[in-house]
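One file, query.cif, is given below (mmCIF, C-alpha atoms and all ligand atoms).
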```
data_structure
loop_
_atom_site.label_atom_id
_atom_site.label_comp_id
_atom_site.auth_asym_id
_atom_site.auth_seq_id
_atom_site.Cartn_x
_atom_site.Cartn_y
_atom_site.Cartn_z
CA MET A 824 -16.54 28.55 -115.98
CA LEU A 825 -13.34 29.93 -114.43
CA VAL A 826 -10.22 27.78 -114.49
CA GLY A 827 -7.43 28.54 -112.03
CA VAL A 828 -3.88 27.23 -112.24
CA ASP A 829 -1.47 27.36 -109.32
CA TRP A 830 2.00 26.98 -110.87
CA GLY A 831 4.01 26.26 -107.76
CA GLY A 832 7.61 25.24 -107.27
CA THR A 833 6.62 21.77 -106.03
CA LYS A 834 3.15 21.18 -107.51
CA ILE A 835 0.87 22.38 -110.26
CA GLU A 836 -2.80 22.44 -109.36
CA VAL A 837 -5.75 23.20 -111.63
CA VAL A 838 -9.29 23.89 -110.47
CA ALA A 839 -12.48 24.67 -112.38
CA LEU A 840 -14.99 26.92 -110.61
CA GLY A 841 -18.57 27.73 -111.50
CA GLU A 842 -19.45 31.42 -111.64
CA ALA A 843 -20.62 31.33 -107.99
CA GLY A 844 -17.45 29.60 -106.77
CA ALA A 845 -18.57 25.97 -106.66
CA GLU A 846 -15.67 23.62 -107.38
CA LEU A 847 -16.39 21.56 -110.50
CA ALA A 848 -13.09 19.75 -111.02
CA ARG A 849 -9.60 19.66 -109.57
CA VAL A 850 -6.30 18.01 -110.44
CA ARG A 851 -2.88 18.26 -108.83
CA VAL A 852 0.50 16.90 -109.98
CA ALA A 853 4.17 17.37 -109.08
CA THR A 854 5.95 20.20 -110.89
CA PRO A 855 8.59 19.06 -113.38
CA ARG A 856 11.15 21.31 -111.73
CA SER A 857 13.55 23.25 -113.96
CA ASP A 858 11.68 22.02 -117.06
CA TYR A 859 9.96 25.17 -118.35
CA ASP A 860 8.61 23.69 -121.57
CA GLY A 861 7.51 20.58 -119.70
CA CYS A 862 5.53 22.77 -117.27
CA LEU A 863 3.80 24.61 -120.13
CA ALA A 864 2.81 21.34 -121.80
CA LEU A 865 1.63 19.90 -118.49
CA ILE A 866 -0.52 22.97 -117.72
CA ALA A 867 -2.12 22.78 -121.18
CA SER A 868 -2.83 19.10 -120.60
CA LEU A 869 -4.31 19.64 -117.11
CA VAL A 870 -6.55 22.51 -118.27
CA GLY A 871 -7.73 20.22 -121.10
CA GLN A 872 -8.39 17.54 -118.49
CA VAL A 873 -10.67 19.69 -116.29
CA GLU A 874 -12.45 21.01 -119.37
CA SER A 875 -13.02 17.47 -120.55
CA THR A 876 -14.31 16.46 -117.07
CA THR A 877 -16.77 19.34 -116.91
CA GLY A 878 -17.64 19.43 -120.60
CA ARG A 879 -17.14 23.20 -120.54
CA THR A 880 -14.43 25.64 -121.60
CA GLY A 881 -13.28 28.34 -119.24
CA THR A 882 -11.26 31.47 -118.75
CA VAL A 883 -7.79 30.71 -117.38
CA GLY A 884 -5.97 32.56 -114.61
CA VAL A 885 -2.54 31.45 -113.45
CA GLY A 886 -0.78 32.09 -110.14
CA LEU A 887 3.01 32.22 -110.43
CA PRO A 888 5.75 31.91 -107.81
CA GLY A 889 7.03 35.32 -108.96
CA SER A 890 5.76 38.23 -111.02
CA LEU A 891 6.15 39.64 -114.52
CA ASP A 892 7.92 42.81 -115.59
CA PRO A 893 4.88 44.82 -116.79
CA ARG A 894 6.84 46.25 -119.76
CA THR A 895 8.77 43.25 -121.02
CA GLY A 896 6.43 40.50 -119.79
CA LEU A 897 9.43 38.55 -118.51
CA ALA A 898 9.23 36.76 -115.16
CA LYS A 899 11.21 38.23 -112.27
CA GLY A 900 11.73 37.53 -108.59
CA ALA A 901 10.52 33.94 -108.85
CA SER A 902 11.60 31.67 -106.01
CA SER A 903 11.65 28.99 -108.72
CA THR A 904 14.51 30.93 -110.27
CA TRP A 905 14.42 28.93 -113.53
CA LEU A 906 11.22 30.85 -114.39
CA ASN A 907 12.99 34.21 -114.32
CA GLY A 908 13.47 35.86 -117.71
CA ARG A 909 10.77 33.74 -119.37
CA PRO A 910 7.79 35.35 -121.21
CA VAL A 911 5.41 33.32 -119.10
CA GLU A 912 2.07 34.92 -119.96
CA SER A 913 2.56 34.92 -123.72
CA ASP A 914 3.83 31.34 -123.61
CA LEU A 915 0.78 30.28 -121.61
CA GLU A 916 -1.51 32.05 -124.09
CA ARG A 917 0.20 30.20 -126.92
CA VAL A 918 -0.14 26.72 -125.41
CA LEU A 919 -3.68 27.35 -124.12
CA ASP A 920 -4.81 29.19 -127.26
CA ARG A 921 -6.67 31.94 -125.38
CA PRO A 922 -5.99 35.08 -123.33
CA VAL A 923 -4.52 34.28 -119.92
CA ARG A 924 -4.30 36.43 -116.81
CA THR A 925 -1.40 35.86 -114.46
CA SER A 926 -0.60 37.12 -111.00
CA ASN A 927 1.78 36.40 -108.19
CA ASP A 928 0.64 33.41 -106.11
CA ALA A 929 0.32 35.51 -102.97
CA ASP A 930 -1.82 38.03 -104.87
CA CYS A 931 -4.06 35.11 -105.87
CA PHE A 932 -4.28 34.10 -102.21
CA ALA A 933 -5.39 37.63 -101.27
CA VAL A 934 -7.96 37.69 -104.09
CA SER A 935 -9.38 34.32 -103.07
CA GLU A 936 -9.83 35.34 -99.45
CA ALA A 937 -11.22 38.74 -100.49
CA VAL A 938 -13.81 37.27 -102.87
CA ASP A 939 -15.34 34.56 -100.70
CA GLY A 940 -13.01 33.87 -97.80
CA SER A 941 -11.94 35.49 -94.54
CA GLY A 942 -11.46 38.88 -96.22
CA ALA A 943 -14.97 39.01 -97.72
CA GLY A 944 -16.67 42.30 -96.90
CA TYR A 945 -13.41 44.19 -96.39
CA ARG A 946 -12.23 46.65 -99.02
CA VAL A 947 -8.43 46.35 -98.68
CA VAL A 948 -7.23 42.83 -97.90
CA LEU A 949 -3.62 41.98 -97.11
CA GLY A 950 -2.99 38.27 -97.59
CA VAL A 951 0.20 36.88 -96.05
CA ILE A 952 1.38 33.33 -96.67
CA ILE A 953 3.79 32.05 -94.03
CA GLY A 954 4.98 28.62 -95.05
CA THR A 955 8.29 27.35 -96.36
CA GLY A 956 8.75 30.94 -97.56
CA THR A 957 6.77 34.11 -97.06
CA GLY A 958 4.69 35.98 -99.60
CA ALA A 959 2.06 38.67 -99.47
CA GLY A 960 -0.53 40.15 -101.77
CA ILE A 961 -3.04 42.96 -101.71
CA ALA A 962 -6.59 42.73 -103.01
CA ILE A 963 -8.66 45.90 -103.32
CA ASP A 964 -12.37 45.47 -103.95
CA GLY A 965 -11.70 41.80 -104.70
CA ARG A 966 -9.05 42.45 -107.35
CA ALA A 967 -5.31 41.98 -107.18
CA HIS A 968 -3.49 45.26 -106.74
CA HIS A 969 -0.68 45.49 -109.30
CA GLY A 970 1.52 48.55 -109.21
CA PRO A 971 3.63 49.77 -112.15
CA ASN A 972 6.36 47.32 -111.14
CA ASN A 973 4.18 44.37 -110.14
CA SER A 974 5.89 44.68 -106.80
CA ALA A 975 3.12 45.49 -104.31
CA ALA A 976 3.26 43.76 -100.92
CA GLU A 977 6.73 42.32 -101.46
CA TYR A 978 7.57 43.37 -97.93
CA GLY A 979 9.02 39.90 -97.30
CA HIS A 980 12.14 41.19 -99.03
CA ASN A 981 12.45 44.29 -96.90
CA GLN A 982 15.04 43.95 -94.17
CA LEU A 983 13.53 43.05 -90.80
CA PRO A 984 12.90 46.43 -89.10
CA ARG A 985 14.84 47.47 -86.01
CA PRO A 986 17.20 44.48 -86.01
CA ASP A 987 19.21 43.85 -82.86
CA VAL A 988 22.91 43.06 -83.04
CA SER A 989 22.27 39.31 -83.33
CA GLU A 990 20.00 39.90 -86.35
CA ILE A 991 22.61 41.71 -88.48
CA PRO A 992 23.27 40.95 -91.28
CA GLY A 993 20.75 38.09 -91.00
CA PRO A 994 20.49 34.96 -93.10
CA ALA A 995 21.06 35.06 -96.86
CA CYS A 996 17.98 35.19 -99.09
CA TYR A 997 17.50 33.90 -102.65
CA CYS A 998 16.92 37.52 -103.72
CA GLY A 999 20.60 38.21 -103.11
CA ARG A 1000 20.28 40.23 -99.90
CA HIS A 1001 20.55 39.35 -96.22
CA GLY A 1002 18.09 39.63 -93.35
CA CYS A 1003 14.88 39.77 -95.43
CA VAL A 1004 11.68 39.44 -93.37
CA GLU A 1005 11.00 36.18 -95.22
CA ARG A 1006 14.20 34.67 -93.88
CA TRP A 1007 13.05 35.32 -90.30
CA VAL A 1008 9.37 34.42 -90.31
CA SER A 1009 9.01 31.34 -92.55
CA GLY A 1010 8.35 27.99 -90.86
CA PRO A 1011 11.88 26.65 -91.52
CA SER A 1012 13.34 29.91 -90.14
CA PHE A 1013 11.42 29.45 -86.90
CA ALA A 1014 12.66 25.85 -86.63
CA ARG A 1015 16.23 26.98 -87.41
CA ASP A 1016 16.11 29.65 -84.70
CA TYR A 1017 14.96 27.12 -82.12
CA HIS A 1018 17.69 24.68 -83.11
CA GLN A 1019 20.40 27.33 -82.88
CA HIS A 1020 19.36 28.25 -79.36
CA ALA A 1021 18.95 24.65 -78.27
CA SER A 1022 22.51 24.06 -79.51
CA VAL A 1023 23.86 26.42 -76.83
CA ASP A 1024 22.89 24.00 -74.07
CA LEU A 1025 22.80 20.65 -75.83
CA ILE A 1026 25.21 18.86 -78.14
CA ASP A 1027 23.36 17.86 -81.31
CA PRO A 1028 19.82 18.72 -80.16
CA PRO A 1029 16.93 17.19 -82.11
CA ARG A 1030 15.67 19.16 -85.10
CA LEU A 1031 12.05 19.87 -84.22
CA SER A 1032 9.41 21.01 -86.68
CA ALA A 1033 7.42 24.18 -86.02
CA LYS A 1034 4.52 22.00 -84.84
CA GLU A 1035 6.74 20.11 -82.40
CA ILE A 1036 8.20 23.33 -81.03
CA LEU A 1037 4.67 24.62 -80.37
CA GLU A 1038 3.96 21.44 -78.42
CA GLN A 1039 7.01 22.33 -76.30
CA VAL A 1040 5.64 25.85 -75.84
CA ARG A 1041 2.31 24.44 -74.63
CA SER A 1042 4.04 22.11 -72.19
CA GLY A 1043 5.85 25.07 -70.63
CA ASN A 1044 9.34 24.57 -72.09
CA ARG A 1045 11.14 27.82 -71.35
CA LEU A 1046 13.44 27.82 -74.38
CA ALA A 1047 10.56 27.08 -76.75
CA GLN A 1048 8.54 29.90 -75.20
CA LEU A 1049 11.40 32.37 -75.62
CA VAL A 1050 11.92 31.39 -79.26
CA TRP A 1051 8.17 31.59 -79.94
CA ASP A 1052 7.95 35.06 -78.34
CA ARG A 1053 10.81 36.24 -80.51
CA TYR A 1054 9.19 34.75 -83.59
CA LEU A 1055 5.97 36.67 -82.88
CA ASP A 1056 7.99 39.84 -82.34
CA ARG A 1057 9.73 39.40 -85.69
CA LEU A 1058 6.46 38.66 -87.48
CA ALA A 1059 4.96 41.81 -85.94
CA ARG A 1060 7.97 43.94 -86.87
CA GLY A 1061 7.66 42.69 -90.46
CA LEU A 1062 3.92 43.42 -90.61
CA SER A 1063 4.53 46.91 -89.23
CA ILE A 1064 6.06 47.82 -92.61
CA VAL A 1065 2.73 47.19 -94.34
CA VAL A 1066 0.51 48.61 -91.60
CA ASN A 1067 2.56 51.83 -91.49
CA THR A 1068 2.28 52.13 -95.30
CA LEU A 1069 -1.08 50.69 -96.36
CA ASP A 1070 -3.06 50.12 -93.14
CA PRO A 1071 -5.13 47.29 -94.69
CA ASP A 1072 -8.69 46.63 -93.47
CA VAL A 1073 -7.92 43.00 -92.63
CA ILE A 1074 -4.87 40.73 -92.56
CA VAL A 1075 -5.52 37.12 -93.63
CA LEU A 1076 -2.82 34.56 -92.86
CA GLY A 1077 -2.20 31.40 -94.89
CA GLY A 1078 0.53 28.76 -95.15
CA GLY A 1079 1.60 26.16 -92.60
CA MET A 1080 2.38 28.61 -89.78
CA SER A 1081 -1.12 30.12 -90.05
CA ASN A 1082 -2.54 26.93 -88.50
CA ILE A 1083 -1.03 27.81 -85.10
CA PRO A 1084 -3.88 29.18 -82.92
CA GLU A 1085 -1.48 31.08 -80.63
CA LEU A 1086 -0.63 33.40 -83.54
CA TYR A 1087 -4.02 35.06 -83.32
CA THR A 1088 -3.84 35.69 -79.60
CA GLY A 1089 -0.20 36.74 -79.48
CA LEU A 1090 0.28 38.80 -82.61
CA PRO A 1091 -2.08 41.84 -82.41
CA ALA A 1092 -0.55 43.40 -79.28
CA ARG A 1093 2.92 42.96 -80.71
CA VAL A 1094 1.93 44.62 -83.99
CA ALA A 1095 0.53 47.52 -81.95
CA GLY A 1096 3.92 47.78 -80.28
CA ALA A 1097 5.77 47.79 -83.59
CA THR A 1098 3.71 50.31 -85.60
CA PHE A 1099 3.75 54.09 -85.43
CA SER A 1100 0.13 54.12 -84.35
CA PRO A 1101 -0.25 52.87 -80.77
CA CYS A 1102 -3.71 51.51 -81.59
CA PHE A 1103 -4.15 48.44 -83.78
CA TYR A 1104 -7.72 47.42 -84.53
CA THR A 1105 -7.08 45.43 -87.72
CA PRO A 1106 -8.44 41.87 -87.56
CA ILE A 1107 -5.78 39.19 -88.12
CA VAL A 1108 -7.57 36.02 -89.20
CA PRO A 1109 -6.74 32.61 -90.68
CA ALA A 1110 -7.58 31.88 -94.31
CA THR A 1111 -10.90 30.20 -95.10
CA HIS A 1112 -9.75 28.22 -98.12
CA GLY A 1113 -6.41 27.01 -96.75
CA ASP A 1114 -4.16 25.43 -99.35
CA SER A 1115 -6.85 25.94 -102.01
CA SER A 1116 -6.76 29.72 -101.83
CA GLY A 1117 -3.98 30.18 -104.37
CA VAL A 1118 -5.66 28.16 -107.10
CA ARG A 1119 -9.12 29.61 -106.39
CA GLY A 1120 -7.72 33.14 -106.51
CA ALA A 1121 -6.07 32.38 -109.86
CA ALA A 1122 -9.50 31.42 -111.22
CA TRP A 1123 -11.00 34.63 -109.75
CA LEU A 1124 -8.53 36.73 -111.76
CA TRP A 1125 -11.27 36.62 -114.41
CA LYS A 1126 -14.06 37.61 -112.03
CA ASP A 1127 -16.00 40.62 -113.41
ZN ZN B 1201 14.96 38.52 -100.01
#
```
As structure tokens, the full file:
Amino acid sequence: MLVGVDWGGTKIEVVALGEAGAELARVRVATPRSDYDGCLALIASLVGQVESTTGRTGTVGVGLPGSLDPRTGLAKGASSTWLNGRPVESDLERVLDRPVRTSNDADCFAVSEAVDGSGAGYRVVLGVIIGTGTGAGIAIDGRAHHGPNNSAAEYGHNQLPRPDVSEIPGPACYCGRHGCVERWVSGPSFARDYHQHASVDLIDPPRLSAKEILEQVRSGNRLAQLVWDRYLDRLARGLSIVVNTLDPDVIVLGGGMSNIPELYTGLPARVAGATFSPCFYTPIVPATHGDSSGVRGAAWLWKD
């Protein structure tokens, strides 16, 4: 049995998978934010819970909202900044009393989709989560690709390529820089961009969600269409960094924004316009496992 833990900033989810991927048990609770020891104890308790439910013990893989320094083992770059500097893997091994494999949550997403999701059958899978933030991971032959810095696919913290004057310096990011791709392409960033432009013509315009803005796009609202076109252009410019470097075999999108069908019709031509290569044949597809991909991929960290 393979147990996966998704240690997120807002929720902790634990799933138990059979060797062929069948889900045997699942539990999800709110994250005790800023309480590191409380999170460790809770994870140990939840893993015990799924093992009790199934009557089996399992390997444990954990997806983190950050990554570990490969030399010191200390967490770095976590959006839940209270995790940074903590020896997460060794602490998890202590409370779970077994070896634990950890990976960035977006790496887990890529692994999940590569093993038995939309990236199955492709050798190099780029997984991109576009939700409240943006994260990306690379799976090669179904395994998470970790470089010597555990920093692969962190293109969300590159500056948006070819910014125009209005995009400099760009919004501040939790990483300490300005204008990161993540700060332009997340769902809240899209909603913020729409609101800023609506504010030019209207006093105190309503704050629409990404979903509501797309309804405006579909009903022919000119402002919404312009903001959506610019969003697609920014998403494509961001992806061009990875395509120009790695040229993955498939790009799988997850997170709330990935549920917008117009992404898949509008994005490929714009990526082709943003990359060095004028041709762009790479499939861009939605995730198969949706919100479950992160926790399933964590379990698959122990796949042979
Ligand atoms: Zn950043």
* Tell me, as a count of residues only, which residues lie within 10 Å of His1020 (chain A), counting all atoms listed in the file; anything in the same chain fewer than 3 positions away does not count. => 11
* To do: Give as a ChimeraX atom specification the residues surrounding ligand ZN 1201 (chain B) up to a distance of 12 Å, considering only C-alpha atoms and all ligand atoms.
  => /A:900-902,956-958,977-983,993-1009
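Among A:Pro971, A:Gly1043, A:Pro1091, A:Pro910, the residue with the shortest atom-to-atom distance to Pro893 (chain A), counting all atoms listed in the file, is A:Pro971.
Of the listed residues A:Asp920, A:Glu1038, A:Asp892, A:Asp964, the one whose atoms come nearest to Asp939 (chain A) is A:Asp964, with distances taken using only C-alpha atoms.
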* Leu887 (chain A) surroundings by all atoms listed in the file, 9 Å radius, close-in-sequence under 4 positions cut, as a PyMOL selection string -> chain A and resi 828-832+901+925-929+931
* Quick one: residues within 6 Å of (2.7, 47.6, -86.4) (file frame), counting only C-alpha atoms, please, as a PyMOL selection string. => chain A and resi 1063+1066+1094-1095+1097-1098
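Between CA of Ala1122 (chain A) and CA of Glu846 (chain A) lies a distance of 10.7 Å.
If you count only C-alpha atoms and draw a sphere of 10 Å around (1.8, 47.4, -92.2), the protein and nucleic acid residues inside it come out as A:Leu949, A:Ala976, A:Tyr978, A:Ala1059, A:Arg1060, A:Gly1061, A:Leu1062, A:Ser1063, A:Ile1064, A:Val1065, A:Val1066, A:Asn1067, A:Thr1068, A:Leu1069, A:Asp1070, A:Pro1071, A:Ile1074, A:Val1094, A:Ala1097, A:Thr1098, A:Phe1099.
If you look at CA of Ile963 (chain A) and CA of Val947 (chain A), they are 4.7 Å away from each other.
The environment of Val852 (chain A) within 9 Å, counting all atoms listed in the file and disregarding residues fewer than 3 places along the same chain, consists of A:Thr833, A:Lys834, A:Ile835, A:Glu836.
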Write out, as a PDB file, in the coordinates of the input, the residues just selected, with C-alpha atoms.
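result26.pdb, freshly written:
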```
ATOM      1  CA  THR A 833       6.620  21.770-106.030  1.00  0.00           C
ATOM      2  CA  LYS A 834       3.150  21.180-107.510  1.00  0.00           C
ATOM      3  CA  ILE A 835       0.870  22.380-110.260  1.00  0.00           C
ATOM      4  CA  GLU A 836      -2.800  22.440-109.360  1.00  0.00           C
TER       5      GLU A 836
END
```
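Among A:Leu1031, A:Ala867, A:Leu1124, A:Val918, the residue with the shortest atom-to-atom distance to Gly827 (chain A), counting only C-alpha atoms, is A:Leu1124.
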* Of the residues A:Gly871, A:Pro888, A:Gly1113, A:Gly965, which is the one nearest to Val938 (chain A), using only C-alpha atoms? -> A:Gly965
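The two atoms in question, CA of Gly1078 (chain A) and CA of Asn907 (chain A), are spaced 23.5 Å apart.
The smallest atom-to-atom distance between Arg894 (chain A) and any of A:Glu990, A:Trp1123, A:Asn973, A:Arg985, using only C-alpha atoms, is found for A:Asn973.
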* Asked: Within 10 Å of Val850 (chain A), counting only C-alpha atoms, which residues qualify if same-chain residues fewer than 3 places away don't, as a PyMOL selection string?
  -> chain A and resi 828+835-839+869-870+872-873
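Residue neighbourhood of Arg921 (chain A), excluding near-sequence residues (fewer than 6 positions): Ala867, Val870, Thr880, Gly881, Thr882, Val883, Gly884, Glu912, Ser913, Asp914 and Leu915 of chain A, at 12 Å, using only C-alpha atoms.
Of the listed residues A:Ser1012, A:Gln1019, A:Thr895, A:Ser1032, the one whose atoms come nearest to Ile953 (chain A) is A:Ser1012, with distances taken using all atoms listed in the file.
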Each side padded by 4 Å, which centre and which edge lengths in Å (one decimal) define the axis-aligned box around the listed atoms of region 899-912 of chain A? Give them as JSON.
```
{"center_x": 8.3, "center_y": 33.6, "center_z": -113.6, "size_x": 20.4, "size_y": 17.3, "size_z": 23.2}
```
Reconstruct N, CA, C and O atoms of region 867-881 of chain A from the incomplete input and present them as an mmCIF file, in the frame of the given file.
```cif
data_model
loop_
_atom_site.group_PDB
_atom_site.id
_atom_site.type_symbol
_atom_site.label_atom_id
_atom_site.label_comp_id
_atom_site.auth_asym_id
_atom_site.auth_seq_id
_atom_site.Cartn_x
_atom_site.Cartn_y
_atom_site.Cartn_z
ATOM 1 N N ALA A 867 -1.157 22.887 -120.076
ATOM 2 C CA ALA A 867 -2.120 22.780 -121.180
ATOM 3 C C ALA A 867 -2.896 21.468 -121.069
ATOM 4 O O ALA A 867 -4.118 21.420 -121.239
ATOM 5 N N SER A 868 -2.193 20.401 -120.722
ATOM 6 C CA SER A 868 -2.830 19.100 -120.600
ATOM 7 C C SER A 868 -3.822 19.065 -119.436
ATOM 8 O O SER A 868 -4.932 18.528 -119.551
ATOM 9 N N LEU A 869 -3.441 19.670 -118.288
ATOM 10 C CA LEU A 869 -4.310 19.640 -117.110
ATOM 11 C C LEU A 869 -5.552 20.507 -117.319
ATOM 12 O O LEU A 869 -6.651 20.141 -116.880
ATOM 13 N N VAL A 870 -5.385 21.659 -117.982
ATOM 14 C CA VAL A 870 -6.550 22.510 -118.270
ATOM 15 C C VAL A 870 -7.490 21.733 -119.198
ATOM 16 O O VAL A 870 -8.713 21.723 -118.997
ATOM 17 N N GLY A 871 -6.919 21.045 -120.202
ATOM 18 C CA GLY A 871 -7.730 20.220 -121.100
ATOM 19 C C GLY A 871 -8.475 19.136 -120.316
ATOM 20 O O GLY A 871 -9.641 18.832 -120.586
ATOM 21 N N GLN A 872 -7.794 18.609 -119.306
ATOM 22 C CA GLN A 872 -8.390 17.540 -118.490
ATOM 23 C C GLN A 872 -9.620 18.044 -117.717
ATOM 24 O O GLN A 872 -10.663 17.386 -117.717
ATOM 25 N N VAL A 873 -9.511 19.204 -117.064
ATOM 26 C CA VAL A 873 -10.670 19.690 -116.290
ATOM 27 C C VAL A 873 -11.783 20.144 -117.244
ATOM 28 O O VAL A 873 -12.967 20.038 -116.910
ATOM 29 N N GLU A 874 -11.419 20.618 -118.418
ATOM 30 C CA GLU A 874 -12.450 21.010 -119.370
ATOM 31 C C GLU A 874 -13.170 19.774 -119.933
ATOM 32 O O GLU A 874 -14.376 19.797 -120.183
ATOM 33 N N SER A 875 -12.422 18.722 -120.087
ATOM 34 C CA SER A 875 -13.020 17.470 -120.550
ATOM 35 C C SER A 875 -13.953 16.896 -119.468
ATOM 36 O O SER A 875 -15.052 16.430 -119.742
ATOM 37 N N THR A 876 -13.498 16.970 -118.194
ATOM 38 C CA THR A 876 -14.310 16.460 -117.070
ATOM 39 C C THR A 876 -15.631 17.204 -116.960
ATOM 40 O O THR A 876 -16.683 16.601 -116.716
ATOM 41 N N THR A 877 -15.562 18.530 -117.111
ATOM 42 C CA THR A 877 -16.770 19.340 -116.910
ATOM 43 C C THR A 877 -17.581 19.500 -118.191
ATOM 44 O O THR A 877 -18.742 19.920 -118.133
ATOM 45 N N GLY A 878 -16.952 19.238 -119.329
ATOM 46 C CA GLY A 878 -17.640 19.430 -120.600
ATOM 47 C C GLY A 878 -17.831 20.896 -120.950
ATOM 48 O O GLY A 878 -18.679 21.242 -121.771
ATOM 49 N N ARG A 879 -17.027 21.765 -120.296
ATOM 50 C CA ARG A 879 -17.140 23.200 -120.540
ATOM 51 C C ARG A 879 -15.762 23.793 -120.775
ATOM 52 O O ARG A 879 -14.754 23.254 -120.313
ATOM 53 N N THR A 880 -15.704 24.926 -121.486
ATOM 54 C CA THR A 880 -14.430 25.640 -121.600
ATOM 55 C C THR A 880 -14.473 26.816 -120.628
ATOM 56 O O THR A 880 -15.550 27.269 -120.240
ATOM 57 N N GLY A 881 -13.310 27.273 -120.236
ATOM 58 C CA GLY A 881 -13.280 28.340 -119.240
ATOM 59 C C GLY A 881 -12.226 29.391 -119.522
ATOM 60 O O GLY A 881 -11.355 29.204 -120.376
#
```
